[in-house]
file data_31.cif (mmCIF, N, CA and C atoms)
data_target
#
loop_
_atom_site.label_atom_id
_atom_site.label_comp_id
_atom_site.auth_asym_id
_atom_site.auth_seq_id
_atom_site.Cartn_x
_atom_site.Cartn_y
_atom_site.Cartn_z
N MET K 1 121.76 107.03 87.69
CA MET K 1 122.13 106.20 86.54
C MET K 1 123.57 105.77 86.72
N ASN K 2 123.84 104.51 86.47
CA ASN K 2 125.21 104.04 86.60
C ASN K 2 125.83 103.75 85.24
N PHE K 3 125.33 104.35 84.18
CA PHE K 3 125.93 104.23 82.86
C PHE K 3 126.23 105.64 82.36
N ASP K 4 127.04 105.74 81.32
CA ASP K 4 127.48 107.06 80.85
C ASP K 4 126.35 107.81 80.18
N ALA K 5 125.90 108.87 80.82
CA ALA K 5 124.80 109.67 80.30
C ALA K 5 125.12 111.15 80.45
N VAL K 6 124.46 111.95 79.63
CA VAL K 6 124.50 113.40 79.77
C VAL K 6 123.08 113.86 80.06
N GLU K 7 122.97 114.96 80.77
CA GLU K 7 121.66 115.47 81.16
C GLU K 7 121.46 116.88 80.63
N PHE K 8 120.28 117.12 80.07
CA PHE K 8 119.92 118.45 79.61
C PHE K 8 118.51 118.76 80.07
N LYS K 9 118.21 120.04 80.22
CA LYS K 9 116.87 120.48 80.58
C LYS K 9 116.15 120.96 79.33
N SER K 10 114.82 120.80 79.36
CA SER K 10 114.00 121.17 78.22
C SER K 10 112.78 121.93 78.70
N ASN K 11 112.36 122.93 77.94
CA ASN K 11 111.17 123.68 78.35
C ASN K 11 109.93 122.80 78.09
N PRO K 12 108.82 123.08 78.78
CA PRO K 12 107.64 122.21 78.69
C PRO K 12 107.12 121.98 77.27
N ASP K 13 107.18 122.98 76.39
CA ASP K 13 106.70 122.80 75.02
C ASP K 13 107.51 121.75 74.27
N PHE K 14 108.83 121.81 74.39
CA PHE K 14 109.69 120.85 73.70
C PHE K 14 109.70 119.50 74.41
N PHE K 15 109.66 119.51 75.74
CA PHE K 15 109.74 118.27 76.51
C PHE K 15 108.70 117.24 76.06
N PHE K 16 107.47 117.67 75.93
CA PHE K 16 106.40 116.73 75.57
C PHE K 16 106.63 116.16 74.17
N LYS K 17 107.06 116.98 73.22
CA LYS K 17 107.35 116.50 71.86
C LYS K 17 108.53 115.54 71.86
N GLU K 18 109.55 115.85 72.66
CA GLU K 18 110.73 114.98 72.74
C GLU K 18 110.35 113.64 73.37
N TRP K 19 109.58 113.69 74.45
CA TRP K 19 109.18 112.47 75.12
C TRP K 19 108.33 111.58 74.21
N LEU K 20 107.42 112.19 73.44
CA LEU K 20 106.56 111.43 72.54
C LEU K 20 107.31 110.84 71.34
N GLY K 21 108.48 111.37 71.03
CA GLY K 21 109.22 110.92 69.85
C GLY K 21 108.92 111.75 68.62
N LEU K 22 108.11 112.80 68.76
CA LEU K 22 107.84 113.69 67.63
C LEU K 22 109.07 114.52 67.30
N LYS K 23 109.90 114.75 68.29
CA LYS K 23 111.15 115.50 68.14
C LYS K 23 112.25 114.72 68.88
N PRO K 24 112.78 113.66 68.27
CA PRO K 24 113.77 112.82 68.96
C PRO K 24 115.19 113.36 68.88
N ASN K 25 115.34 114.65 69.22
CA ASN K 25 116.67 115.27 69.19
C ASN K 25 116.63 116.55 69.99
N THR K 26 117.82 117.05 70.27
CA THR K 26 117.95 118.36 70.90
C THR K 26 119.14 119.07 70.25
N VAL K 27 119.03 120.37 70.10
CA VAL K 27 120.08 121.18 69.51
C VAL K 27 120.58 122.12 70.61
N ARG K 28 121.88 122.06 70.86
CA ARG K 28 122.46 122.85 71.95
C ARG K 28 123.66 123.64 71.45
N LYS K 29 123.80 124.85 72.00
CA LYS K 29 124.97 125.68 71.68
C LYS K 29 126.19 125.02 72.30
N LEU K 30 127.21 124.83 71.52
CA LEU K 30 128.41 124.11 71.92
C LEU K 30 129.24 124.92 72.91
N ASP K 31 129.62 124.28 74.01
CA ASP K 31 130.50 124.86 75.01
C ASP K 31 131.56 123.81 75.34
N LEU K 32 132.74 123.96 74.78
CA LEU K 32 133.79 122.95 74.93
C LEU K 32 134.30 122.81 76.36
N LYS K 33 133.99 123.77 77.22
CA LYS K 33 134.38 123.67 78.63
C LYS K 33 133.39 122.83 79.43
N ASP K 34 132.21 122.61 78.87
CA ASP K 34 131.15 121.85 79.53
C ASP K 34 131.45 120.35 79.39
N GLU K 35 131.51 119.65 80.51
CA GLU K 35 131.84 118.22 80.52
C GLU K 35 130.89 117.39 79.65
N ARG K 36 129.64 117.80 79.55
CA ARG K 36 128.67 117.05 78.73
C ARG K 36 129.12 117.01 77.27
N PHE K 37 129.59 118.14 76.75
CA PHE K 37 130.02 118.18 75.35
C PHE K 37 131.34 117.45 75.16
N GLN K 38 132.18 117.42 76.19
CA GLN K 38 133.41 116.62 76.12
C GLN K 38 133.06 115.14 76.01
N LYS K 39 132.09 114.68 76.82
CA LYS K 39 131.65 113.28 76.74
C LYS K 39 131.05 112.97 75.37
N LEU K 40 130.23 113.88 74.87
CA LEU K 40 129.59 113.66 73.58
C LEU K 40 130.61 113.61 72.44
N SER K 41 131.56 114.52 72.44
CA SER K 41 132.54 114.56 71.35
C SER K 41 133.52 113.40 71.38
N SER K 42 133.75 112.83 72.57
CA SER K 42 134.67 111.69 72.68
C SER K 42 133.97 110.34 72.52
N GLY K 43 132.64 110.36 72.43
CA GLY K 43 131.90 109.10 72.29
C GLY K 43 131.67 108.38 73.61
N ARG K 44 131.93 109.04 74.73
CA ARG K 44 131.74 108.40 76.05
C ARG K 44 130.31 108.46 76.56
N ALA K 45 129.48 109.29 75.95
CA ALA K 45 128.07 109.39 76.37
C ALA K 45 127.22 108.51 75.46
N HIS K 46 126.53 107.56 76.04
CA HIS K 46 125.69 106.65 75.27
C HIS K 46 124.20 106.88 75.51
N PHE K 47 123.89 107.65 76.55
CA PHE K 47 122.50 107.92 76.90
C PHE K 47 122.33 109.41 77.20
N ILE K 48 121.10 109.88 77.02
CA ILE K 48 120.77 111.26 77.34
C ILE K 48 119.55 111.26 78.25
N GLN K 49 119.59 112.08 79.28
CA GLN K 49 118.45 112.28 80.15
C GLN K 49 117.94 113.69 79.92
N ILE K 50 116.65 113.79 79.62
CA ILE K 50 116.01 115.08 79.41
C ILE K 50 115.08 115.33 80.59
N LYS K 51 115.27 116.47 81.26
CA LYS K 51 114.41 116.86 82.38
C LYS K 51 113.61 118.09 81.99
N GLU K 52 112.35 118.08 82.37
CA GLU K 52 111.50 119.23 82.08
C GLU K 52 111.80 120.35 83.09
N VAL K 53 112.00 121.55 82.57
CA VAL K 53 112.23 122.71 83.43
C VAL K 53 110.99 122.93 84.30
N GLY K 54 111.19 123.09 85.60
CA GLY K 54 110.10 123.39 86.50
C GLY K 54 109.36 122.19 87.05
N SER K 55 109.79 120.98 86.73
CA SER K 55 109.15 119.78 87.28
C SER K 55 110.19 118.69 87.46
N ASN K 56 109.78 117.58 88.01
CA ASN K 56 110.69 116.44 88.17
C ASN K 56 110.53 115.42 87.05
N GLN K 57 109.72 115.74 86.04
CA GLN K 57 109.53 114.79 84.94
C GLN K 57 110.82 114.68 84.13
N ALA K 58 111.14 113.45 83.76
CA ALA K 58 112.37 113.20 83.00
C ALA K 58 112.23 111.89 82.24
N PHE K 59 113.05 111.74 81.23
CA PHE K 59 113.14 110.47 80.52
C PHE K 59 114.58 110.26 80.09
N VAL K 60 114.92 109.00 79.83
CA VAL K 60 116.27 108.63 79.38
C VAL K 60 116.13 107.92 78.05
N ARG K 61 117.01 108.25 77.11
CA ARG K 61 117.02 107.60 75.79
C ARG K 61 118.46 107.26 75.41
N ARG K 62 118.59 106.29 74.52
CA ARG K 62 119.91 105.90 74.00
C ARG K 62 120.27 106.83 72.84
N ILE K 63 121.45 107.42 72.91
CA ILE K 63 121.92 108.33 71.86
C ILE K 63 122.25 107.53 70.61
N MET K 64 121.74 107.99 69.48
CA MET K 64 122.00 107.34 68.20
C MET K 64 123.00 108.11 67.34
N ASN K 65 123.03 109.44 67.49
CA ASN K 65 123.92 110.24 66.66
C ASN K 65 124.22 111.57 67.36
N VAL K 66 125.45 111.99 67.23
CA VAL K 66 125.86 113.32 67.70
C VAL K 66 126.54 114.00 66.53
N SER K 67 126.03 115.16 66.15
CA SER K 67 126.59 115.94 65.04
C SER K 67 126.98 117.32 65.53
N PHE K 68 128.07 117.80 64.99
CA PHE K 68 128.54 119.15 65.33
C PHE K 68 128.51 119.98 64.06
N PHE K 69 127.90 121.16 64.15
CA PHE K 69 127.81 122.06 63.01
C PHE K 69 128.06 123.47 63.51
N GLU K 70 129.14 124.06 63.02
CA GLU K 70 129.56 125.38 63.46
C GLU K 70 129.63 125.40 64.99
N ASN K 71 128.81 126.18 65.66
CA ASN K 71 128.87 126.28 67.11
C ASN K 71 127.69 125.55 67.77
N TRP K 72 127.19 124.49 67.10
CA TRP K 72 126.01 123.77 67.58
C TRP K 72 126.29 122.28 67.70
N CYS K 73 125.60 121.66 68.65
CA CYS K 73 125.67 120.21 68.85
C CYS K 73 124.25 119.67 68.70
N ILE K 74 124.06 118.70 67.81
CA ILE K 74 122.75 118.10 67.57
C ILE K 74 122.81 116.66 68.08
N ILE K 75 121.99 116.35 69.07
CA ILE K 75 121.97 115.03 69.69
C ILE K 75 120.66 114.36 69.34
N SER K 76 120.73 113.22 68.67
CA SER K 76 119.54 112.47 68.28
C SER K 76 119.50 111.17 69.04
N TRP K 77 118.29 110.71 69.38
CA TRP K 77 118.16 109.49 70.16
C TRP K 77 117.12 108.55 69.58
N LEU K 78 117.19 107.30 70.03
CA LEU K 78 116.24 106.26 69.66
C LEU K 78 115.05 106.37 70.60
N HIS K 79 113.86 106.24 70.06
CA HIS K 79 112.64 106.38 70.86
C HIS K 79 112.33 105.05 71.56
N GLU K 80 113.09 104.76 72.60
CA GLU K 80 112.92 103.56 73.41
C GLU K 80 113.04 103.96 74.88
N GLU K 81 112.37 103.21 75.74
CA GLU K 81 112.50 103.43 77.18
C GLU K 81 113.82 102.83 77.63
N VAL K 82 114.48 103.45 78.59
CA VAL K 82 115.78 103.00 79.08
C VAL K 82 115.69 102.73 80.58
N CYS K 83 116.17 101.56 81.00
CA CYS K 83 116.22 101.23 82.43
C CYS K 83 117.30 102.11 83.07
N PRO K 84 116.97 102.84 84.15
CA PRO K 84 117.95 103.71 84.77
C PRO K 84 119.07 102.96 85.49
N ALA K 85 118.89 101.69 85.75
CA ALA K 85 119.91 100.93 86.46
C ALA K 85 120.95 100.32 85.53
N CYS K 86 120.51 99.78 84.37
CA CYS K 86 121.47 99.05 83.52
C CYS K 86 121.56 99.57 82.10
N GLY K 87 120.62 100.41 81.68
CA GLY K 87 120.65 100.91 80.31
C GLY K 87 119.93 100.03 79.32
N HIS K 88 119.31 98.93 79.77
CA HIS K 88 118.54 98.04 78.89
C HIS K 88 117.40 98.84 78.26
N THR K 89 117.13 98.64 76.98
CA THR K 89 116.08 99.40 76.30
C THR K 89 114.94 98.50 75.85
N SER K 90 113.76 99.11 75.75
CA SER K 90 112.60 98.41 75.21
C SER K 90 111.74 99.43 74.47
N PRO K 91 111.04 99.01 73.39
CA PRO K 91 110.21 99.95 72.63
C PRO K 91 109.14 100.59 73.51
N LEU K 92 108.82 101.84 73.21
CA LEU K 92 107.81 102.57 73.97
C LEU K 92 106.43 102.28 73.42
N LYS K 93 105.44 102.33 74.28
CA LYS K 93 104.05 102.24 73.88
C LYS K 93 103.51 103.66 73.79
N GLN K 94 102.69 103.94 72.81
CA GLN K 94 102.16 105.29 72.63
C GLN K 94 101.27 105.73 73.79
N CYS K 95 100.70 104.78 74.56
CA CYS K 95 99.78 105.16 75.62
C CYS K 95 100.49 105.55 76.91
N GLU K 96 101.80 105.38 76.99
CA GLU K 96 102.52 105.73 78.21
C GLU K 96 102.54 107.25 78.40
N THR K 97 102.62 107.68 79.63
CA THR K 97 102.69 109.11 79.91
C THR K 97 103.98 109.41 80.67
N PRO K 98 104.54 110.62 80.50
CA PRO K 98 105.77 110.95 81.22
C PRO K 98 105.48 111.12 82.71
N GLY K 99 106.46 110.81 83.52
CA GLY K 99 106.26 110.97 84.96
C GLY K 99 107.49 110.59 85.73
N GLY K 100 108.61 111.09 85.36
CA GLY K 100 109.84 110.74 86.06
C GLY K 100 110.57 109.63 85.35
N LEU K 101 111.61 109.14 85.98
CA LEU K 101 112.42 108.09 85.37
C LEU K 101 111.63 106.80 85.29
N PRO K 102 111.92 105.98 84.29
CA PRO K 102 111.19 104.72 84.14
C PRO K 102 111.50 103.76 85.28
N GLU K 103 110.63 102.80 85.46
CA GLU K 103 110.88 101.74 86.44
C GLU K 103 112.02 100.87 85.94
N LEU K 104 112.54 100.03 86.81
CA LEU K 104 113.60 99.11 86.42
C LEU K 104 113.08 98.11 85.39
N CYS K 105 113.94 97.66 84.49
CA CYS K 105 113.55 96.67 83.51
C CYS K 105 113.39 95.30 84.19
N MET K 106 112.79 94.36 83.50
CA MET K 106 112.54 93.03 84.05
C MET K 106 113.85 92.35 84.44
N ARG K 107 114.92 92.56 83.67
CA ARG K 107 116.21 91.95 83.96
C ARG K 107 116.71 92.42 85.33
N CYS K 108 116.61 93.73 85.62
CA CYS K 108 117.07 94.25 86.92
C CYS K 108 116.13 93.83 88.04
N LEU K 109 114.83 93.82 87.77
CA LEU K 109 113.87 93.37 88.80
C LEU K 109 114.11 91.91 89.18
N ASN K 110 114.34 91.06 88.17
CA ASN K 110 114.59 89.64 88.43
C ASN K 110 115.90 89.43 89.20
N ALA K 111 116.88 90.26 88.93
CA ALA K 111 118.18 90.13 89.62
C ALA K 111 118.05 90.49 91.09
N ARG K 112 117.09 91.35 91.42
CA ARG K 112 116.88 91.74 92.82
C ARG K 112 116.21 90.64 93.62
N ASN K 113 115.44 89.79 92.97
CA ASN K 113 114.67 88.73 93.66
C ASN K 113 115.51 87.50 93.92
#
call {"tool": "encode", "arguments": {"input": "data_31.cif", "output": "structure tokens"}}
result
Amino acid sequence: MNFDAVEFKSNPDFFFKEWLGLKPNTVRKLDLKDERFQKLSSGRAHFIQIKEVGSNQAFVRRIMNVSFFENWCIISWLHEEVCPACGHTSPLKQCETPGGLPELCMRCLNARN
């Protein structure tokens, strides 16, 4: 990805719910030494990549809100597909299945031709 993103891993039970949009957020214990939380707190992270633990399945979403509560960070995202090359978003179809990063968007595909 060539845009500002943070990456987190998710266990298989949560991953599927997050990918479907049933749980469009993640709650993480805050670690101020971790560069991901520095990006999130400064507003430099605009996208989040969630990878399933134990597989190569992943998805990217645009971050909509970052909240800090006590020693926790809550990251919420918009349920849209994100082009890994440019960050362009498009609404998801319910029939899609997870399987790694999305293909390039039409804008990036057209630029290659």
call {"tool": "residues_around", "arguments": {"input": "data_31.cif", "residues": "K:Ile50", "least_positions_apart": "3", "cutoff": "8 Å", "atoms": "only N, CA and C atoms", "output": "PyMOL selection string"}}
result
chain K and resi 6-10+15+47+53+56-61
call {"tool": "atom_distance", "arguments": {"input": "data_31.cif", "atom1": "atom C of K:Ile63", "atom2": "atom N of K:His79"}}
result
8.5 Å
call {"tool": "select_by_dssp", "arguments": {"input": "data_31.cif", "residues": "stretch 34-78 of chain K", "states": "alpha helix (DSSP H)", "output": "number ranges by chain"}}
result
K: 35-42
call {"tool": "atom_distance", "arguments": {"input": "data_31.cif", "atom1": "atom C of K:Ser41", "atom2": "atom N of K:Glu80"}}
result
22.2 Å
call {"tool": "closest_residue", "arguments": {"input": "data_31.cif", "among": "K:Gln49, K:Arg44, K:Asn11, K:Met64", "to": "K:Ser76", "atoms": "all atoms listed in the file"}}
result
K:Met64
call {"tool": "atom_distance", "arguments": {"input": "data_31.cif", "atom1": "atom CA of K:Asn71", "atom2": "atom N of K:Glu18"}}
result
22.6 Å
call {"tool": "closest_residue", "arguments": {"input": "data_31.cif", "among": "K:Asp4, K:Gly21, K:Trp77, K:Val27", "to": "K:Ser42", "atoms": "only C-alpha atoms"}}
result
K:Asp4
